[in-house]
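Pasted below: entry-v5.cif, mmCIF, C-alpha atoms.
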```cif
data_final
loop_
_atom_site.label_atom_id
_atom_site.label_comp_id
_atom_site.auth_asym_id
_atom_site.auth_seq_id
_atom_site.Cartn_x
_atom_site.Cartn_y
_atom_site.Cartn_z
CA MET A 1 216.49 144.14 221.03
CA SER A 2 215.42 143.28 217.57
CA ASP A 3 211.89 143.29 216.30
CA LEU A 4 212.69 140.81 213.56
CA PRO A 5 210.59 137.65 213.71
CA ALA A 6 212.32 134.45 214.56
CA PRO A 7 213.52 132.66 211.45
CA PRO A 8 211.42 129.65 210.48
CA PRO A 9 212.90 126.31 211.41
CA ARG A 10 215.11 124.97 208.66
CA PRO A 11 213.77 121.87 206.95
CA PRO A 12 215.91 118.79 207.39
CA GLU A 13 218.59 118.65 204.72
CA ARG A 14 217.98 116.04 202.05
CA VAL A 15 221.05 114.17 200.94
CA SER A 16 221.75 114.85 197.29
CA ALA A 17 221.56 111.56 195.37
CA GLY A 18 224.05 112.85 192.87
CA ARG A 19 226.62 113.82 195.48
CA LEU A 20 226.14 110.52 197.31
CA VAL A 21 226.72 108.47 194.15
CA LEU A 22 229.63 110.65 193.07
CA GLY A 23 231.35 110.01 196.38
CA LEU A 24 230.67 106.27 196.27
CA VAL A 25 231.90 105.97 192.69
CA ILE A 26 235.14 107.82 193.36
CA LEU A 27 235.60 105.68 196.48
CA ALA A 28 235.03 102.46 194.48
CA ILE A 29 237.46 103.52 191.74
CA GLY A 30 240.06 104.35 194.37
CA VAL A 31 239.63 100.96 196.06
CA GLY A 32 239.84 99.16 192.69
CA LEU A 33 242.98 101.07 191.76
CA LEU A 34 244.53 100.31 195.14
CA LEU A 35 243.77 96.58 194.82
CA GLN A 36 245.36 96.50 191.37
CA VAL A 37 248.45 98.47 192.38
CA ALA A 38 248.88 96.27 195.47
CA GLY A 39 248.61 93.18 193.28
CA VAL A 40 245.75 91.76 195.34
CA THR A 41 243.52 91.13 192.36
CA ASP A 42 242.80 92.50 188.94
CA ARG A 43 239.42 90.82 188.54
CA ALA A 44 237.70 93.29 190.87
CA TRP A 45 239.14 96.14 188.87
CA LYS A 46 237.56 94.73 185.69
CA VAL A 47 234.06 95.16 187.06
CA VAL A 48 234.61 98.33 189.09
CA LEU A 49 234.27 100.70 186.13
CA PRO A 50 231.09 99.15 184.63
CA VAL A 51 229.51 98.98 188.10
CA ALA A 52 230.51 102.60 188.69
CA LEU A 53 228.83 103.56 185.41
CA VAL A 54 225.63 101.76 186.43
CA ALA A 55 225.77 103.52 189.82
CA VAL A 56 226.19 106.89 188.11
CA GLY A 57 223.17 106.11 185.94
CA ILE A 58 221.02 105.08 188.90
CA GLY A 59 222.10 108.19 190.79
CA LEU A 60 221.15 110.39 187.85
CA VAL A 61 217.74 108.74 187.47
CA VAL A 62 217.01 109.13 191.19
CA ALA A 63 218.24 112.74 191.18
CA GLY A 64 216.21 113.46 188.07
CA LEU A 65 213.02 112.00 189.50
CA ARG A 66 213.56 114.09 192.66
CA SER A 67 214.03 117.17 190.44
CA GLU A 68 217.47 117.82 191.86
CA ARG A 69 219.47 120.36 189.89
CA GLY A 70 223.16 120.60 189.18
CA GLN A 71 223.97 117.06 188.04
CA GLY A 72 226.61 118.22 185.57
CA GLY A 73 229.46 116.64 187.52
CA LEU A 74 227.75 113.26 187.57
CA ILE A 75 226.95 113.45 183.84
CA ALA A 76 230.57 114.39 183.11
CA LEU A 77 231.78 111.44 185.20
CA GLY A 78 229.42 109.11 183.30
CA VAL A 79 230.71 110.38 179.96
CA VAL A 80 234.33 109.88 181.05
CA LEU A 81 233.59 106.34 182.28
CA THR A 82 231.79 105.52 179.02
CA VAL A 83 234.71 106.76 176.93
CA VAL A 84 237.25 104.87 179.06
CA LEU A 85 235.23 101.64 178.89
CA THR A 86 234.73 102.01 175.13
CA VAL A 87 238.45 102.46 174.53
CA ALA A 88 239.26 99.58 176.90
CA THR A 89 236.82 97.32 175.03
CA VAL A 90 238.22 98.18 171.60
CA VAL A 91 241.86 98.20 172.68
CA ASP A 92 242.74 95.33 174.97
CA ILE A 93 246.08 96.41 176.42
CA PRO A 94 247.60 93.93 178.85
CA PHE A 95 249.55 95.43 181.72
CA GLU A 96 251.99 92.56 181.55
CA GLY A 97 254.61 91.25 179.19
CA GLY A 98 256.87 94.25 179.15
CA VAL A 99 257.74 96.96 176.67
CA GLY A 100 260.13 97.00 173.70
CA ASP A 101 261.19 94.76 170.83
CA ARG A 102 261.39 91.07 171.55
CA LEU A 103 262.41 88.13 169.40
CA GLU A 104 261.31 84.62 170.38
CA ARG A 105 263.10 81.92 168.40
CA PRO A 106 262.64 78.59 170.12
CA ALA A 107 265.08 75.92 169.04
CA THR A 108 262.99 72.88 169.87
CA TYR A 109 259.34 71.90 169.81
CA ASP A 110 259.20 71.70 173.60
CA ARG A 111 260.49 75.24 173.98
CA VAL A 112 257.56 76.72 172.09
CA ARG A 113 255.42 78.34 174.76
CA SER A 114 251.66 78.19 174.65
CA GLU A 115 251.36 81.91 175.42
CA TYR A 116 253.34 85.06 174.61
CA ARG A 117 252.47 88.57 175.78
CA LEU A 118 253.87 92.04 175.23
CA ALA A 119 252.29 95.29 176.41
CA ILE A 120 253.90 97.73 173.97
CA GLY A 121 256.41 97.12 171.18
CA ARG A 122 257.22 94.52 168.56
CA LEU A 123 257.02 90.81 169.26
CA THR A 124 258.45 88.43 166.68
CA ILE A 125 257.94 84.70 167.09
CA ASN A 126 260.10 82.80 164.66
CA LEU A 127 259.22 79.11 164.51
CA THR A 128 261.32 78.20 161.50
CA ARG A 129 263.83 76.21 163.58
CA ILE A 130 261.15 73.80 164.74
CA SER A 131 261.30 70.63 162.71
CA GLN A 132 258.92 68.46 164.73
CA LEU A 133 255.78 70.36 163.77
CA GLY A 134 253.25 68.02 162.23
CA GLN A 135 254.60 64.93 163.91
CA SER A 136 252.08 65.18 166.75
CA ALA A 137 248.49 64.07 166.42
CA ALA A 138 247.21 67.33 167.89
CA PRO A 139 248.21 70.75 166.55
CA LYS A 140 250.62 72.84 168.60
CA ARG A 141 248.57 75.73 170.03
CA VAL A 142 250.18 79.15 170.45
CA THR A 143 248.46 82.27 171.76
CA ALA A 144 250.14 85.66 171.47
CA HIS A 145 248.93 89.14 172.34
CA VAL A 146 250.45 92.59 171.93
CA GLY A 147 248.70 95.60 173.44
CA VAL A 148 250.09 98.32 171.21
CA GLY A 149 252.55 97.54 168.44
CA GLU A 150 253.35 94.72 166.09
CA LEU A 151 253.07 90.96 166.30
CA VAL A 152 254.89 88.92 163.68
CA VAL A 153 254.87 85.12 163.49
CA VAL A 154 257.11 83.31 161.04
CA VAL A 155 256.21 79.67 160.45
CA PRO A 156 258.18 76.99 158.63
CA SER A 157 257.36 76.75 154.96
CA ARG A 158 254.97 73.99 153.88
CA THR A 159 253.53 73.79 157.40
CA SER A 160 249.77 73.43 157.63
CA VAL A 161 248.61 76.26 159.92
CA ASP A 162 245.30 77.27 161.45
CA VAL A 163 245.35 81.02 162.19
CA HIS A 164 243.00 83.37 163.97
CA GLY A 165 244.25 86.95 163.81
CA HIS A 166 242.55 89.88 165.50
CA ALA A 167 243.22 93.62 165.84
CA GLY A 168 241.15 96.00 167.93
CA LEU A 169 242.33 98.78 165.67
CA GLY A 170 244.81 98.15 162.90
CA ASP A 171 245.83 95.59 160.35
CA VAL A 172 245.94 91.78 160.19
CA THR A 173 247.90 90.12 157.41
CA VAL A 174 247.82 86.33 157.14
CA PHE A 175 249.97 84.82 154.39
CA GLY A 176 249.67 87.97 152.29
CA ARG A 177 245.93 88.51 152.76
CA SER A 178 245.27 91.74 154.68
CA GLU A 179 242.30 93.09 156.60
CA SER A 180 242.33 96.45 158.33
CA GLY A 181 240.02 98.69 160.35
CA ILE A 182 238.33 98.49 163.73
CA ASP A 183 237.69 95.12 165.37
CA VAL A 184 239.37 93.25 162.52
CA ASP A 185 239.41 89.47 162.22
CA ASN A 186 241.42 87.55 159.67
CA ASP A 187 241.35 83.77 159.78
CA SER A 188 243.06 81.16 157.71
CA GLY A 189 242.87 77.40 157.95
CA PRO A 190 244.50 74.49 156.20
CA PRO A 191 242.95 73.47 152.87
CA PRO A 192 240.04 71.03 153.39
CA SER A 193 241.73 68.37 151.31
CA GLY A 194 245.19 68.99 152.72
CA ALA A 195 246.98 67.81 155.81
CA PRO A 196 245.44 68.65 159.19
CA ALA A 197 246.83 71.72 160.93
CA ALA A 198 250.16 71.17 162.66
CA LEU A 199 250.08 74.59 164.25
CA SER A 200 247.17 76.57 165.68
CA LEU A 201 247.83 80.29 166.16
CA ASP A 202 245.57 82.66 168.12
CA LEU A 203 247.08 86.10 167.59
CA SER A 204 245.82 89.54 168.59
CA VAL A 205 246.85 93.16 169.03
CA GLY A 206 244.94 95.97 170.70
CA VAL A 207 246.25 98.66 168.37
CA GLY A 208 248.73 97.81 165.66
CA ARG A 209 249.52 95.04 163.28
CA VAL A 210 249.49 91.26 163.13
CA GLU A 211 251.41 89.43 160.45
CA VAL A 212 251.79 85.72 159.79
CA ARG A 213 254.14 84.62 157.06
CA TYR A 214 256.19 81.66 155.93
CA GLY A 215 259.91 81.77 156.61
CA MET B 1 211.42 116.03 186.93
CA ASN B 2 214.89 116.74 185.58
CA ARG B 3 214.67 115.03 182.20
CA THR B 4 218.32 115.61 181.35
CA ALA B 5 219.45 113.67 184.41
CA VAL B 6 216.92 110.87 183.83
CA ALA B 7 217.82 110.49 180.13
CA PHE B 8 221.56 110.39 180.77
CA GLY B 9 220.95 108.11 183.77
CA VAL B 10 219.08 105.54 181.71
CA PHE B 11 221.79 105.70 179.03
CA PHE B 12 224.57 105.15 181.57
CA VAL B 13 222.73 102.25 183.24
CA LEU B 14 222.23 100.46 179.90
CA ALA B 15 225.82 101.11 178.81
CA GLY B 16 227.18 100.01 182.19
CA VAL B 17 225.22 96.76 182.13
CA ALA B 18 226.47 96.05 178.59
CA PHE B 19 230.10 96.67 179.60
CA LEU B 20 229.63 94.57 182.75
CA LEU B 21 228.25 91.60 180.79
CA ASP B 22 231.18 91.91 178.38
CA ARG B 23 233.70 91.94 181.26
CA LEU B 24 232.08 88.89 182.85
CA GLY B 25 232.19 87.01 179.55
CA VAL B 26 228.42 86.68 179.35
CA TRP B 27 228.15 88.78 176.23
CA ASP B 28 230.79 89.56 173.63
CA LEU B 29 230.54 93.26 172.93
CA ARG B 30 231.72 93.66 169.35
CA ALA B 31 233.78 96.82 169.11
CA ARG B 32 232.73 97.55 165.55
CA TYR B 33 229.10 97.99 166.70
CA LEU B 34 229.98 99.69 169.99
CA LEU B 35 230.79 103.20 168.80
CA PRO B 36 227.75 103.68 166.49
CA VAL B 37 225.36 102.20 169.08
CA LEU B 38 226.78 104.46 171.80
CA LEU B 39 226.48 107.51 169.55
CA ILE B 40 222.86 106.63 168.69
CA ALA B 41 221.99 106.11 172.36
CA LEU B 42 223.73 109.33 173.38
CA GLY B 43 221.89 111.22 170.65
CA VAL B 44 218.55 109.80 171.84
CA ALA B 45 219.41 110.78 175.42
CA ILE B 46 220.22 114.34 174.36
CA LEU B 47 217.04 114.57 172.27
CA LEU B 48 214.90 113.29 175.16
CA SER B 49 216.55 115.66 177.62
CA GLY B 50 215.92 118.58 175.23
CA GLN B 51 212.17 118.00 175.26
CA SER B 52 211.89 119.71 178.62
CA GLY B 53 212.70 123.04 177.04
CA GLY B 54 215.48 124.41 179.27
CA SER B 55 219.07 123.50 179.67
CA SER B 56 218.47 122.31 183.22
CA GLY B 57 215.60 120.12 182.12
CA GLN B 58 213.38 121.38 184.94
CA THR B 59 209.64 121.16 184.65
CA PRO B 60 207.25 122.70 187.13
#
```

Please express what this file holds, its structure, as structure tokens.
Amino acid sequence: MSDLPAPPPRPPERVSAGRLVLGLVILAIGVGLLLQVAGVTDRAWKVVLPVALVAVGIGLVVAGLRSERGQGGLIALGVVLTVVLTVATVVDIPFEGGVGDRLERPATYDRVRSEYRLAIGRLTINLTRISQLGQSAAPKRVTAHVGVGELVVVVPSRTSVDVHGHAGLGDVTVFGRSESGIDVDNDSGPPPSGAPAALSLDLSVGVGRVEVRYG
Amino acid sequence: MNRTAVAFGVFFVLAGVAFLLDRLGVWDLRARYLLPVLLIALGVAILLSGQSGGSSGQTP
């Protein structure tokens, strides 16, 4: 027989706010990833990471107010999410459009697509074979995006062009005028006294280079 | 109160809301301002968390 006193009853275990949020966040990221891989939707995935970051923050505030210790894992997860979201905001990389070098050289006005996309590589859109530009009342609108790489658009000489060029990180050259850095915009429009724009280009790269020149 | 956790928590909530509004198209988060603002906010969070004295941020 032991003379030791009976141990005091254990207090009910309090669920750690940090651990609870960490589990929910990892679960949400997994579900978002699964939905994207399965091709169900990519819109949910867009908001999963910011919502996860908010949840991490709320979990940390609650844990902090309850004086819970050992929140290093949650802080590390928040830092990782912040870095990922920052990079994703600066560098808009589409997961569509393929990889490699691609040349688009439409032969007729009708074959000019309104949108071109490439994930990684060099995309060249050569419009010099199009002779009908400027014959329509409204400008022909073309949007092109490259995630990482180079986007080059060659337009017919003496064509009035309205250009908006953007690079998350890199260089944008429009008719010889260059801008470079982070979150770079370089716009060019037709001269106020000249002919209205026959072509409207909205061009962007996540990381890399945009160039518009006459052919 | 664990000030480290609270400071980082507030920072993450504000950053998460900003990213969420950007994703939903409500607010255009300009990348050129993003990095310096995040660094300033992170620095403030670290400074606030350091006021508690210890690395764990515990106060009696």

For chain B against chain A, which residues fall within 6 Å using all atoms listed in the file, given as a JSON list (two decimals) with C-alpha atoms, in the coordinates of the input?
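The result, stored in iface-v2.json:
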```
[["chain", "number", "residue", "atom", "x", "y", "z"],
["B", 1, "MET", "CA", 211.42, 116.03, 186.93],
["B", 2, "ASN", "CA", 214.89, 116.74, 185.58],
["B", 5, "ALA", "CA", 219.45, 113.67, 184.41],
["B", 6, "VAL", "CA", 216.92, 110.87, 183.83],
["B", 9, "GLY", "CA", 220.95, 108.11, 183.77],
["B", 10, "VAL", "CA", 219.08, 105.54, 181.71],
["B", 12, "PHE", "CA", 224.57, 105.15, 181.57],
["B", 13, "VAL", "CA", 222.73, 102.25, 183.24],
["B", 16, "GLY", "CA", 227.18, 100.01, 182.19],
["B", 19, "PHE", "CA", 230.10, 96.67, 179.60],
["B", 20, "LEU", "CA", 229.63, 94.57, 182.75],
["B", 31, "ALA", "CA", 233.78, 96.82, 169.11],
["B", 32, "ARG", "CA", 232.73, 97.55, 165.55]]
```

For CA of His164 (chain A) and CA of Ser188 (chain A), the interatomic separation in Å (one decimal) = 6.6 Å

If the PyMOL selection byres ((chain B and resi 41) around 12) is run on the structure shown, which residues does it catch, given as a list in words?
-> Thr82 of chain A; Ala7, Phe8, Gly9, Val10, Phe11, Phe12, Val13, Leu14, Ala15, Leu34, Leu35, Pro36, Val37, Leu38, Leu39, Ile40, Leu42, Gly43, Val44, Ala45, Ile46, Leu47 and Leu48 of chain B

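Our summary of the geometry notes that CA of Pro196 (chain A) is positioned 11.5 Å from CA of Lys140 (chain A).
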
In Å to one decimal, how far is CA of Pro191 (chain A) from CA of Gly208 (chain A)?
-> 28.1 Å

Residues matched by the PyMOL selection byres ((chain A and resi 157) around 8), written as a PyMOL selection string = chain A and resi 128+155-156+158-159+214-215

Could the residues in this selection be written to a file with C-alpha atoms, as a PDB file, in the frame of the given file?
```pdb
ATOM      1  CA  THR A 128     261.320  78.200 161.500  1.00  0.00           C
ATOM      2  CA  VAL A 155     256.210  79.670 160.450  1.00  0.00           C
ATOM      3  CA  PRO A 156     258.180  76.990 158.630  1.00  0.00           C
ATOM      4  CA  ARG A 158     254.970  73.990 153.880  1.00  0.00           C
ATOM      5  CA  THR A 159     253.530  73.790 157.400  1.00  0.00           C
ATOM      6  CA  TYR A 214     256.190  81.660 155.930  1.00  0.00           C
ATOM      7  CA  GLY A 215     259.910  81.770 156.610  1.00  0.00           C
TER       8      GLY A 215
END
```

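Here the question is which of A:Leu199, A:Pro139, A:Val205, A:Ala17 gets nearest to Arg122 (chain A) using all atoms listed in the file, and that residue is A:Val205.
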
Return as a PyMOL selection string the set of residues that the PyMOL selection byres ((chain A and resi 153) around 7) yields on the displayed structure.
-> chain A and resi 124-126+151-152+154-155+211-213
